Amino acid sequence: MSQPRQQQVPPGVTAAMTPRPDHGEESYRGSGRLAGKAAVITGGDSGIGRAVAIAYAREGADVLISYLDEHEDARETERWVRKAGRRCVLVPGDVADPAHCRSIVGKAVEEFGRIDVLVNNAAFQMTRDSIEDIPEEEWDRTLAINLSAFFHLTKAAVPHMPPGASIIGSTSVNSDSPPPQLLPYDVTKAGIANMVGSLAQMLAGKGIRANSVAPGPIWTPLIPATMPPEQVESFGSQVPLGRPGQPAELAPVYVLLASDEASYVSGARIAVTGGQPIL
């Protein structure tokens, strides 16, 4: 299975993708597993974030969506959340800025009164063939968006998270099997996995759980926006299932980790990789 060759300008938009990703718009069925909860999802405008937002709303949660500047995508996600009968708050801005991370949390507390679920999902990557090709500002920005934002968001959110709350980081199969062309991204995803392990222990006394999800190749706007067209065409063919995953195929894992059903699950990293093992 392959996609047509295509390329976008970062961060990429859903409407320009061929084929369009499946976020569970027509398939996800909720059963009240997150009834009454309030969630913050970074990178919630598209891709995995949109699928998680739709699933959370259909499970009964109100959602705040943080995103950079993809307003059309964000409004589409908002439409699906509201269609599920839940509140949706949109907060545009750059999570590379620590002050903006704090403002995201502040807005969530203002709107919802607390944060039950924090999903750190926003990410940036670029494909580079050698270390000499990686601009220093690109290294700094990748770490700021993918890793430092997780720290700033969590630090700000924890005082507003009740016992039973859940922190979920989006890591990657790349944290174990780092492709050389994505060096800065690989480093951040390994860092997220490590941070979650520390947080699970650090926050256990507060009754807050921390886990991560390790996706494999998932068909999102990040792919055509950050990879050469020939790599986009073969994207996902390397895993045992022989295809990229759809965002909708990750949503149930994020629902589980956010739900009270996972009350004894903390410090875990769950692979959604199409058959490629993680360590």
# chains A, B, ... in the order shown; residues from 1 in each chain; ligands from 1
call {"tool": "residues_around", "arguments": {"residues": "Ile48 of chain A", "least_positions_apart": "2", "cutoff": "8 Å", "atoms": "only C-alpha atoms", "output": "VMD selection string"}}
result
chain A and resid 23 44 46 50 to 52 121 220 247 to 248 250 to 251
call {"tool": "write_last_selection", "arguments": {"atoms": "all heavy atoms", "output": "PDB file, in the first residue's frame"}}
result
ATOM      1  N   HIS A  23      -9.875   9.889  11.082  1.00  0.00           N
ATOM      2  CA  HIS A  23      -9.782  10.268  12.488  1.00  0.00           C
ATOM      3  C   HIS A  23     -10.897   9.642  13.319  1.00  0.00           C
ATOM      4  O   HIS A  23     -11.098  10.033  14.472  1.00  0.00           O
ATOM      5  CB  HIS A  23      -9.829  11.789  12.629  1.00  0.00           C
ATOM      6  CG  HIS A  23      -8.862  12.522  11.777  1.00  0.00           C
ATOM      7  ND1 HIS A  23      -9.198  13.011  10.521  1.00  0.00           N
ATOM      8  CD2 HIS A  23      -7.550  12.829  11.971  1.00  0.00           C
ATOM      9  CE1 HIS A  23      -8.136  13.596   9.991  1.00  0.00           C
ATOM     10  NE2 HIS A  23      -7.133  13.506  10.841  1.00  0.00           N
ATOM     11  N   GLY A  44      -3.957  19.314  18.713  1.00  0.00           N
ATOM     12  CA  GLY A  44      -5.267  18.684  18.599  1.00  0.00           C
ATOM     13  C   GLY A  44      -6.043  19.048  17.355  1.00  0.00           C
ATOM     14  O   GLY A  44      -7.178  18.601  17.186  1.00  0.00           O
ATOM     15  N   SER A  46      -5.313  18.293  14.164  1.00  0.00           N
ATOM     16  CA  SER A  46      -5.271  17.315  13.074  1.00  0.00           C
ATOM     17  C   SER A  46      -4.569  16.050  13.546  1.00  0.00           C
ATOM     18  O   SER A  46      -4.094  15.963  14.675  1.00  0.00           O
ATOM     19  CB  SER A  46      -4.533  17.899  11.852  1.00  0.00           C
ATOM     20  OG  SER A  46      -3.169  18.174  12.181  1.00  0.00           O
ATOM     21  N   ARG A  50      -6.489  15.149  16.556  1.00  0.00           N
ATOM     22  CA  ARG A  50      -7.902  15.234  16.184  1.00  0.00           C
ATOM     23  C   ARG A  50      -8.629  13.939  16.517  1.00  0.00           C
ATOM     24  O   ARG A  50      -9.748  13.971  17.043  1.00  0.00           O
ATOM     25  CB  ARG A  50      -8.069  15.543  14.695  1.00  0.00           C
ATOM     26  CG  ARG A  50      -9.555  15.579  14.293  1.00  0.00           C
ATOM     27  CD  ARG A  50      -9.767  15.763  12.806  1.00  0.00           C
ATOM     28  NE  ARG A  50      -9.416  17.115  12.379  1.00  0.00           N
ATOM     29  CZ  ARG A  50      -9.556  17.562  11.133  1.00  0.00           C
ATOM     30  NH1 ARG A  50     -10.030  16.758  10.197  1.00  0.00           N
ATOM     31  NH2 ARG A  50      -9.218  18.792  10.823  1.00  0.00           N
ATOM     32  N   ALA A  51      -8.022  12.820  16.218  1.00  0.00           N
ATOM     33  CA  ALA A  51      -8.659  11.536  16.525  1.00  0.00           C
ATOM     34  C   ALA A  51      -8.904  11.389  18.020  1.00  0.00           C
ATOM     35  O   ALA A  51      -9.963  10.905  18.441  1.00  0.00           O
ATOM     36  CB  ALA A  51      -7.786  10.390  16.012  1.00  0.00           C
ATOM     37  N   VAL A  52      -7.947  11.819  18.829  1.00  0.00           N
ATOM     38  CA  VAL A  52      -8.105  11.741  20.276  1.00  0.00           C
ATOM     39  C   VAL A  52      -9.204  12.688  20.743  1.00  0.00           C
ATOM     40  O   VAL A  52     -10.033  12.332  21.591  1.00  0.00           O
ATOM     41  CB  VAL A  52      -6.768  12.051  20.985  1.00  0.00           C
ATOM     42  CG1 VAL A  52      -6.956  12.164  22.493  1.00  0.00           C
ATOM     43  CG2 VAL A  52      -5.735  10.978  20.662  1.00  0.00           C
ATOM     44  N   ASN A 121       0.928  16.104  22.689  1.00  0.00           N
ATOM     45  CA  ASN A 121       0.950  15.457  21.380  1.00  0.00           C
ATOM     46  C   ASN A 121       1.605  16.301  20.287  1.00  0.00           C
ATOM     47  O   ASN A 121       2.031  15.762  19.277  1.00  0.00           O
ATOM     48  CB  ASN A 121      -0.496  15.115  20.985  1.00  0.00           C
ATOM     49  CG  ASN A 121      -0.608  14.554  19.596  1.00  0.00           C
ATOM     50  OD1 ASN A 121      -0.169  13.436  19.338  1.00  0.00           O
ATOM     51  ND2 ASN A 121      -1.195  15.329  18.687  1.00  0.00           N
ATOM     52  N   THR A 220      -0.444  11.394   8.965  1.00  0.00           N
ATOM     53  CA  THR A 220      -0.866  12.699   9.452  1.00  0.00           C
ATOM     54  C   THR A 220      -0.223  13.791   8.593  1.00  0.00           C
ATOM     55  O   THR A 220       0.719  13.520   7.828  1.00  0.00           O
ATOM     56  CB  THR A 220      -0.440  12.906  10.912  1.00  0.00           C
ATOM     57  OG1 THR A 220       0.976  13.157  10.946  1.00  0.00           O
ATOM     58  CG2 THR A 220      -0.762  11.690  11.776  1.00  0.00           C
ATOM     59  N   PRO A 247      -4.892   7.758  12.166  1.00  0.00           N
ATOM     60  CA  PRO A 247      -5.041   8.347  13.502  1.00  0.00           C
ATOM     61  C   PRO A 247      -6.119   7.671  14.334  1.00  0.00           C
ATOM     62  O   PRO A 247      -5.961   7.494  15.546  1.00  0.00           O
ATOM     63  CB  PRO A 247      -5.385   9.804  13.194  1.00  0.00           C
ATOM     64  CG  PRO A 247      -4.720  10.074  11.879  1.00  0.00           C
ATOM     65  CD  PRO A 247      -4.832   8.790  11.110  1.00  0.00           C
ATOM     66  N   ALA A 248      -7.214   7.268  13.686  1.00  0.00           N
ATOM     67  CA  ALA A 248      -8.310   6.613  14.416  1.00  0.00           C
ATOM     68  C   ALA A 248      -7.865   5.335  15.103  1.00  0.00           C
ATOM     69  O   ALA A 248      -8.481   4.909  16.094  1.00  0.00           O
ATOM     70  CB  ALA A 248      -9.460   6.303  13.449  1.00  0.00           C
ATOM     71  N   LEU A 250      -5.220   4.885  16.809  1.00  0.00           N
ATOM     72  CA  LEU A 250      -4.556   5.167  18.079  1.00  0.00           C
ATOM     73  C   LEU A 250      -5.506   5.630  19.164  1.00  0.00           C
ATOM     74  O   LEU A 250      -5.229   5.473  20.345  1.00  0.00           O
ATOM     75  CB  LEU A 250      -3.473   6.253  17.897  1.00  0.00           C
ATOM     76  CG  LEU A 250      -2.192   5.775  17.238  1.00  0.00           C
ATOM     77  CD1 LEU A 250      -2.183   6.157  15.778  1.00  0.00           C
ATOM     78  CD2 LEU A 250      -0.981   6.327  17.947  1.00  0.00           C
ATOM     79  N   ALA A 251      -6.635   6.217  18.759  1.00  0.00           N
ATOM     80  CA  ALA A 251      -7.532   6.859  19.722  1.00  0.00           C
ATOM     81  C   ALA A 251      -7.941   5.941  20.875  1.00  0.00           C
ATOM     82  O   ALA A 251      -7.965   6.390  22.035  1.00  0.00           O
ATOM     83  CB  ALA A 251      -8.759   7.410  18.999  1.00  0.00           C
TER      84      ALA A 251
END
call {"tool": "select_by_dssp", "arguments": {"residues": "segment 59-137 of chain A", "states": "helix (DSSP H, G or I)", "output": "JSON, numbers by chain"}}
result
{"A": [71, 72, 73, 74, 75, 76, 77, 78, 79, 80, 81, 82, 83, 98, 99, 100, 101, 102, 103, 104, 105, 106, 107, 108, 109, 110, 111, 112, 131, 132, 133, 136, 137]}
call {"tool": "write_last_selection", "arguments": {"atoms": "N, CA and C atoms", "output": "short mmCIF file (atom, residue, chain, number, x, y, z; two decimals), in the first residue's frame"}}
result
data_model
loop_
_atom_site.label_atom_id
_atom_site.label_comp_id
_atom_site.auth_asym_id
_atom_site.auth_seq_id
_atom_site.Cartn_x
_atom_site.Cartn_y
_atom_site.Cartn_z
N HIS A 71 -5.83 27.03 11.49
CA HIS A 71 -7.16 27.39 11.97
C HIS A 71 -8.27 26.57 11.31
N GLU A 72 -8.13 26.29 10.03
CA GLU A 72 -9.17 25.52 9.35
C GLU A 72 -9.26 24.11 9.93
N ASP A 73 -8.12 23.47 10.13
CA ASP A 73 -8.12 22.14 10.73
C ASP A 73 -8.71 22.18 12.14
N ALA A 74 -8.31 23.19 12.91
CA ALA A 74 -8.79 23.28 14.29
C ALA A 74 -10.31 23.46 14.34
N ARG A 75 -10.85 24.28 13.45
CA ARG A 75 -12.30 24.48 13.44
C ARG A 75 -13.03 23.21 13.05
N GLU A 76 -12.41 22.39 12.18
CA GLU A 76 -13.03 21.13 11.81
C GLU A 76 -13.06 20.17 13.01
N THR A 77 -11.97 20.13 13.75
CA THR A 77 -11.96 19.30 14.96
C THR A 77 -13.00 19.81 15.95
N GLU A 78 -13.06 21.12 16.12
CA GLU A 78 -14.06 21.71 17.01
C GLU A 78 -15.48 21.30 16.61
N ARG A 79 -15.73 21.26 15.31
CA ARG A 79 -17.07 20.91 14.83
C ARG A 79 -17.44 19.49 15.27
N TRP A 80 -16.49 18.57 15.18
CA TRP A 80 -16.79 17.19 15.58
C TRP A 80 -16.97 17.07 17.08
N VAL A 81 -16.18 17.81 17.85
CA VAL A 81 -16.32 17.77 19.31
C VAL A 81 -17.69 18.30 19.72
N ARG A 82 -18.08 19.43 19.12
CA ARG A 82 -19.37 20.02 19.47
C ARG A 82 -20.53 19.14 18.99
N LYS A 83 -20.33 18.47 17.87
CA LYS A 83 -21.37 17.56 17.38
C LYS A 83 -21.60 16.43 18.38
N PRO A 98 7.50 28.92 26.48
CA PRO A 98 7.04 28.46 27.79
C PRO A 98 5.85 29.26 28.32
N ALA A 99 5.83 30.57 28.05
CA ALA A 99 4.72 31.39 28.52
C ALA A 99 3.41 30.96 27.87
N HIS A 100 3.47 30.55 26.60
CA HIS A 100 2.26 30.09 25.94
C HIS A 100 1.79 28.77 26.54
N CYS A 101 2.72 27.90 26.89
CA CYS A 101 2.34 26.64 27.56
C CYS A 101 1.56 26.94 28.83
N ARG A 102 2.05 27.90 29.59
CA ARG A 102 1.36 28.26 30.84
C ARG A 102 -0.01 28.86 30.55
N SER A 103 -0.11 29.61 29.45
CA SER A 103 -1.40 30.22 29.12
C SER A 103 -2.41 29.16 28.67
N ILE A 104 -1.96 28.10 28.04
CA ILE A 104 -2.85 26.99 27.67
C ILE A 104 -3.48 26.40 28.92
N VAL A 105 -2.64 26.12 29.90
CA VAL A 105 -3.14 25.56 31.15
C VAL A 105 -4.07 26.54 31.85
N GLY A 106 -3.69 27.82 31.85
CA GLY A 106 -4.52 28.83 32.47
C GLY A 106 -5.90 28.92 31.84
N LYS A 107 -5.94 28.83 30.52
CA LYS A 107 -7.23 28.88 29.82
C LYS A 107 -8.07 27.66 30.16
N ALA A 108 -7.45 26.50 30.24
CA ALA A 108 -8.19 25.28 30.57
C ALA A 108 -8.79 25.38 31.97
N VAL A 109 -8.02 25.88 32.91
CA VAL A 109 -8.52 26.03 34.28
C VAL A 109 -9.64 27.06 34.33
N GLU A 110 -9.48 28.14 33.57
CA GLU A 110 -10.53 29.17 33.50
C GLU A 110 -11.83 28.60 32.95
N GLU A 111 -11.73 27.76 31.92
CA GLU A 111 -12.92 27.22 31.25
C GLU A 111 -13.52 26.03 31.99
N PHE A 112 -12.66 25.15 32.53
CA PHE A 112 -13.13 23.88 33.07
C PHE A 112 -13.01 23.77 34.59
N ILE A 131 24.30 15.28 9.92
CA ILE A 131 24.24 16.21 11.04
C ILE A 131 24.63 17.61 10.60
N GLU A 132 25.48 17.68 9.55
CA GLU A 132 25.87 19.00 9.05
C GLU A 132 24.69 19.74 8.42
N ASP A 133 23.68 18.99 7.99
CA ASP A 133 22.52 19.60 7.35
C ASP A 133 21.48 20.12 8.35
N GLU A 136 21.14 24.77 13.52
CA GLU A 136 21.10 24.82 14.98
C GLU A 136 19.74 25.27 15.48
N GLU A 137 19.12 26.22 14.78
CA GLU A 137 17.80 26.69 15.21
C GLU A 137 16.74 25.60 15.06
#
call {"tool": "residues_around", "arguments": {"residues": "segment 180-193 of chain A", "least_positions_apart": "3", "cutoff": "7 Å", "atoms": "only C-alpha atoms", "output": "list of chain:residue names"}}
result
A:Gln125, A:Met126, A:Thr127, A:Arg128, A:Asp129, A:Trp139, A:Thr142, A:Leu143, A:Asn146, A:Leu147, A:Gly169, A:Thr171, A:Ser172, A:Asn174, A:Ser175, A:Val196, A:Gly197, A:Ser212
call {"tool": "write_last_selection", "arguments": {"atoms": "N, CA, C and O atoms", "output": "JSON list (two decimals), in the first residue's frame"}}
result
[["chain", "number", "residue", "atom", "x", "y", "z"],
["A", 125, "GLN", "N", 9.20, 17.77, 13.23],
["A", 125, "GLN", "CA", 10.36, 17.02, 12.75],
["A", 125, "GLN", "C", 10.73, 17.53, 11.37],
["A", 125, "GLN", "O", 9.92, 18.14, 10.68],
["A", 126, "MET", "N", 11.97, 17.30, 10.98],
["A", 126, "MET", "CA", 12.40, 17.53, 9.60],
["A", 126, "MET", "C", 13.38, 16.43, 9.23],
["A", 126, "MET", "O", 14.14, 15.95, 10.08],
["A", 127, "THR", "N", 13.37, 16.04, 7.97],
["A", 127, "THR", "CA", 14.25, 14.99, 7.48],
["A", 127, "THR", "C", 15.57, 15.61, 7.01],
["A", 127, "THR", "O", 15.57, 16.51, 6.17],
["A", 128, "ARG", "N", 16.67, 15.15, 7.56],
["A", 128, "ARG", "CA", 18.01, 15.62, 7.18],
["A", 128, "ARG", "C", 18.93, 14.41, 7.03],
["A", 128, "ARG", "O", 18.91, 13.50, 7.86],
["A", 129, "ASP", "N", 19.75, 14.41, 6.00],
["A", 129, "ASP", "CA", 20.60, 13.26, 5.71],
["A", 129, "ASP", "C", 21.90, 13.23, 6.49],
["A", 129, "ASP", "O", 22.53, 12.17, 6.62],
["A", 139, "TRP", "N", 17.35, 22.31, 15.49],
["A", 139, "TRP", "CA", 17.57, 21.46, 16.66],
["A", 139, "TRP", "C", 16.86, 22.06, 17.88],
["A", 139, "TRP", "O", 16.13, 21.39, 18.58],
["A", 142, "THR", "N", 13.00, 21.91, 17.58],
["A", 142, "THR", "CA", 12.46, 20.56, 17.74],
["A", 142, "THR", "C", 12.41, 20.17, 19.21],
["A", 142, "THR", "O", 11.39, 19.64, 19.69],
["A", 143, "LEU", "N", 13.46, 20.45, 19.94],
["A", 143, "LEU", "CA", 13.47, 20.13, 21.37],
["A", 143, "LEU", "C", 12.46, 20.98, 22.13],
["A", 143, "LEU", "O", 11.81, 20.50, 23.06],
["A", 146, "ASN", "N", 8.76, 19.58, 21.08],
["A", 146, "ASN", "CA", 8.47, 18.18, 21.38],
["A", 146, "ASN", "C", 8.70, 17.82, 22.84],
["A", 146, "ASN", "O", 7.96, 17.00, 23.40],
["A", 147, "LEU", "N", 9.73, 18.40, 23.45],
["A", 147, "LEU", "CA", 10.15, 17.95, 24.77],
["A", 147, "LEU", "C", 9.98, 19.02, 25.85],
["A", 147, "LEU", "O", 9.34, 18.78, 26.88],
["A", 169, "GLY", "N", 1.92, 11.19, 27.19],
["A", 169, "GLY", "CA", 2.88, 11.73, 26.24],
["A", 169, "GLY", "C", 2.88, 10.91, 24.96],
["A", 169, "GLY", "O", 2.80, 9.68, 25.01],
["A", 171, "THR", "N", 5.08, 9.51, 22.44],
["A", 171, "THR", "CA", 6.46, 9.22, 22.12],
["A", 171, "THR", "C", 6.49, 8.60, 20.72],
["A", 171, "THR", "O", 5.75, 9.02, 19.85],
["A", 172, "SER", "N", 7.31, 7.60, 20.46],
["A", 172, "SER", "CA", 7.41, 7.06, 19.10],
["A", 172, "SER", "C", 8.23, 5.78, 19.12],
["A", 172, "SER", "O", 9.08, 5.59, 19.99],
["A", 174, "ASN", "N", 10.43, 5.48, 17.20],
["A", 174, "ASN", "CA", 11.77, 6.02, 16.91],
["A", 174, "ASN", "C", 12.63, 6.16, 18.16],
["A", 174, "ASN", "O", 13.85, 6.28, 18.05],
["A", 175, "SER", "N", 12.02, 6.18, 19.34],
["A", 175, "SER", "CA", 12.81, 6.28, 20.56],
["A", 175, "SER", "C", 13.66, 5.03, 20.76],
["A", 175, "SER", "O", 14.69, 5.08, 21.44],
["A", 196, "VAL", "N", 8.15, 10.46, 31.11],
["A", 196, "VAL", "CA", 6.94, 9.80, 31.60],
["A", 196, "VAL", "C", 7.29, 8.80, 32.70],
["A", 196, "VAL", "O", 6.57, 8.70, 33.72],
["A", 197, "GLY", "N", 8.38, 8.07, 32.53],
["A", 197, "GLY", "CA", 8.79, 7.13, 33.57],
["A", 197, "GLY", "C", 9.09, 7.84, 34.88],
["A", 197, "GLY", "O", 8.73, 7.35, 35.97],
["A", 212, "SER", "N", 2.73, 6.79, 28.27],
["A", 212, "SER", "CA", 2.99, 7.28, 26.91],
["A", 212, "SER", "C", 2.51, 6.27, 25.89],
["A", 212, "SER", "O", 2.37, 5.08, 26.17]]
call {"tool": "select_by_dssp", "arguments": {"residues": "segment 10-83 of chain A", "states": "strand (DSSP E)", "output": "ChimeraX atom specification"}}
result
/A:38-42,62-67
call {"tool": "closest_residue", "arguments": {"among": "A:Gln8, A:Asn194, A:Gln246, A:Ser263", "to": "Gly47 of chain A", "atoms": "only C-alpha atoms"}}
result
A:Gln246
call {"tool": "closest_residue", "arguments": {"among": "A:Val158, A:Ala262, A:Ala123, A:Val239", "to": "Ala96 of chain A", "atoms": "only C-alpha atoms"}}
result
A:Ala123
call {"tool": "closest_residue", "arguments": {"among": "A:Val272, A:Glu70, A:Arg58, A:Ala156", "to": "Ala15 of chain A", "atoms": "only C-alpha atoms"}}
result
A:Glu70
call {"tool": "closest_residue", "arguments": {"among": "A:Thr273, A:Pro19, A:Val9, A:Gly49", "to": "Glu233 of chain A", "atoms": "only C-alpha atoms"}}
result
A:Pro19
call {"tool": "residues_around", "arguments": {"residues": "Glu59 of chain A", "least_positions_apart": "3", "cutoff": "9 Å", "atoms": "only C-alpha atoms", "output": "PDB file with N, CA and C atoms, in the first residue's frame"}}
result
ATOM      1  N   ARG A  29     -17.253   4.991  18.323  1.00  0.00           N
ATOM      2  CA  ARG A  29     -18.473   4.964  19.123  1.00  0.00           C
ATOM      3  C   ARG A  29     -18.104   5.055  20.597  1.00  0.00           C
ATOM      4  N   GLY A  30     -18.598   6.072  21.274  1.00  0.00           N
ATOM      5  CA  GLY A  30     -18.291   6.270  22.681  1.00  0.00           C
ATOM      6  C   GLY A  30     -19.226   5.503  23.591  1.00  0.00           C
ATOM      7  N   SER A  31     -18.790   5.342  24.854  1.00  0.00           N
ATOM      8  CA  SER A  31     -19.616   4.631  25.830  1.00  0.00           C
ATOM      9  C   SER A  31     -19.508   5.260  27.213  1.00  0.00           C
ATOM     10  N   GLY A  32     -19.233   6.568  27.269  1.00  0.00           N
ATOM     11  CA  GLY A  32     -19.220   7.274  28.536  1.00  0.00           C
ATOM     12  C   GLY A  32     -18.014   7.023  29.406  1.00  0.00           C
ATOM     13  N   ARG A  33     -16.925   6.545  28.850  1.00  0.00           N
ATOM     14  CA  ARG A  33     -15.756   6.178  29.650  1.00  0.00           C
ATOM     15  C   ARG A  33     -15.013   7.385  30.221  1.00  0.00           C
ATOM     16  N   LEU A  34     -15.250   8.585  29.656  1.00  0.00           N
ATOM     17  CA  LEU A  34     -14.599   9.799  30.160  1.00  0.00           C
ATOM     18  C   LEU A  34     -15.634  10.838  30.582  1.00  0.00           C
ATOM     19  N   ALA A  35     -16.783  10.384  30.967  1.00  0.00           N
ATOM     20  CA  ALA A  35     -17.886  11.291  31.302  1.00  0.00           C
ATOM     21  C   ALA A  35     -17.471  12.279  32.384  1.00  0.00           C
ATOM     22  N   ILE A  54     -11.850  13.742  19.075  1.00  0.00           N
ATOM     23  CA  ILE A  54     -13.157  13.184  18.693  1.00  0.00           C
ATOM     24  C   ILE A  54     -13.542  12.048  19.645  1.00  0.00           C
ATOM     25  N   ALA A  55     -12.587  11.166  19.907  1.00  0.00           N
ATOM     26  CA  ALA A  55     -12.877  10.028  20.793  1.00  0.00           C
ATOM     27  C   ALA A  55     -13.194  10.502  22.207  1.00  0.00           C
ATOM     28  N   TYR A  56     -12.413  11.446  22.723  1.00  0.00           N
ATOM     29  CA  TYR A  56     -12.654  11.945  24.073  1.00  0.00           C
ATOM     30  C   TYR A  56     -14.039  12.573  24.175  1.00  0.00           C
ATOM     31  N   ALA A  84     -20.575  16.082  19.125  1.00  0.00           N
ATOM     32  CA  ALA A  84     -20.710  15.049  20.152  1.00  0.00           C
ATOM     33  C   ALA A  84     -21.352  15.593  21.428  1.00  0.00           C
ATOM     34  N   VAL A 255      -7.795   6.780  24.935  1.00  0.00           N
ATOM     35  CA  VAL A 255      -9.004   6.721  25.764  1.00  0.00           C
ATOM     36  C   VAL A 255      -8.755   5.841  26.982  1.00  0.00           C
TER      37      VAL A 255
END
call {"tool": "residues_around", "arguments": {"residues": "Arg243 of chain A", "least_positions_apart": "3", "cutoff": "8 Å", "atoms": "only C-alpha atoms", "output": "PyMOL selection string"}}
result
chain A and resi 1-2+235-239+274
call {"tool": "atom_distance", "arguments": {"atom1": "atom CA of Gln7 of chain A", "atom2": "atom CA of Ile223 of chain A"}}
result
8.4 Å
call {"tool": "residues_around", "arguments": {"residues": "Leu203 of chain A", "least_positions_apart": "3", "cutoff": "12 Å", "atoms": "only C-alpha atoms", "output": "number ranges by chain"}}
result
A: 154-155, 158-159, 161-167, 195-200, 206-211, 266-267
call {"tool": "atom_distance", "arguments": {"atom1": "atom CA of Ala214 of chain A", "atom2": "atom CA of Val173 of chain A"}}
result
5.4 Å
call {"tool": "atom_distance", "arguments": {"atom1": "atom CA of Gly205 of chain A", "atom2": "atom CA of Ser259 of chain A"}}
result
18.6 Å
call {"tool": "residues_around", "arguments": {"residues": "Val119 of chain A", "least_positions_apart": "2", "cutoff": "8 Å", "atoms": "only C-alpha atoms", "output": "JSON, numbers by chain"}}
result
{"A": [39, 40, 41, 42, 117, 121, 167, 168, 169, 170]}
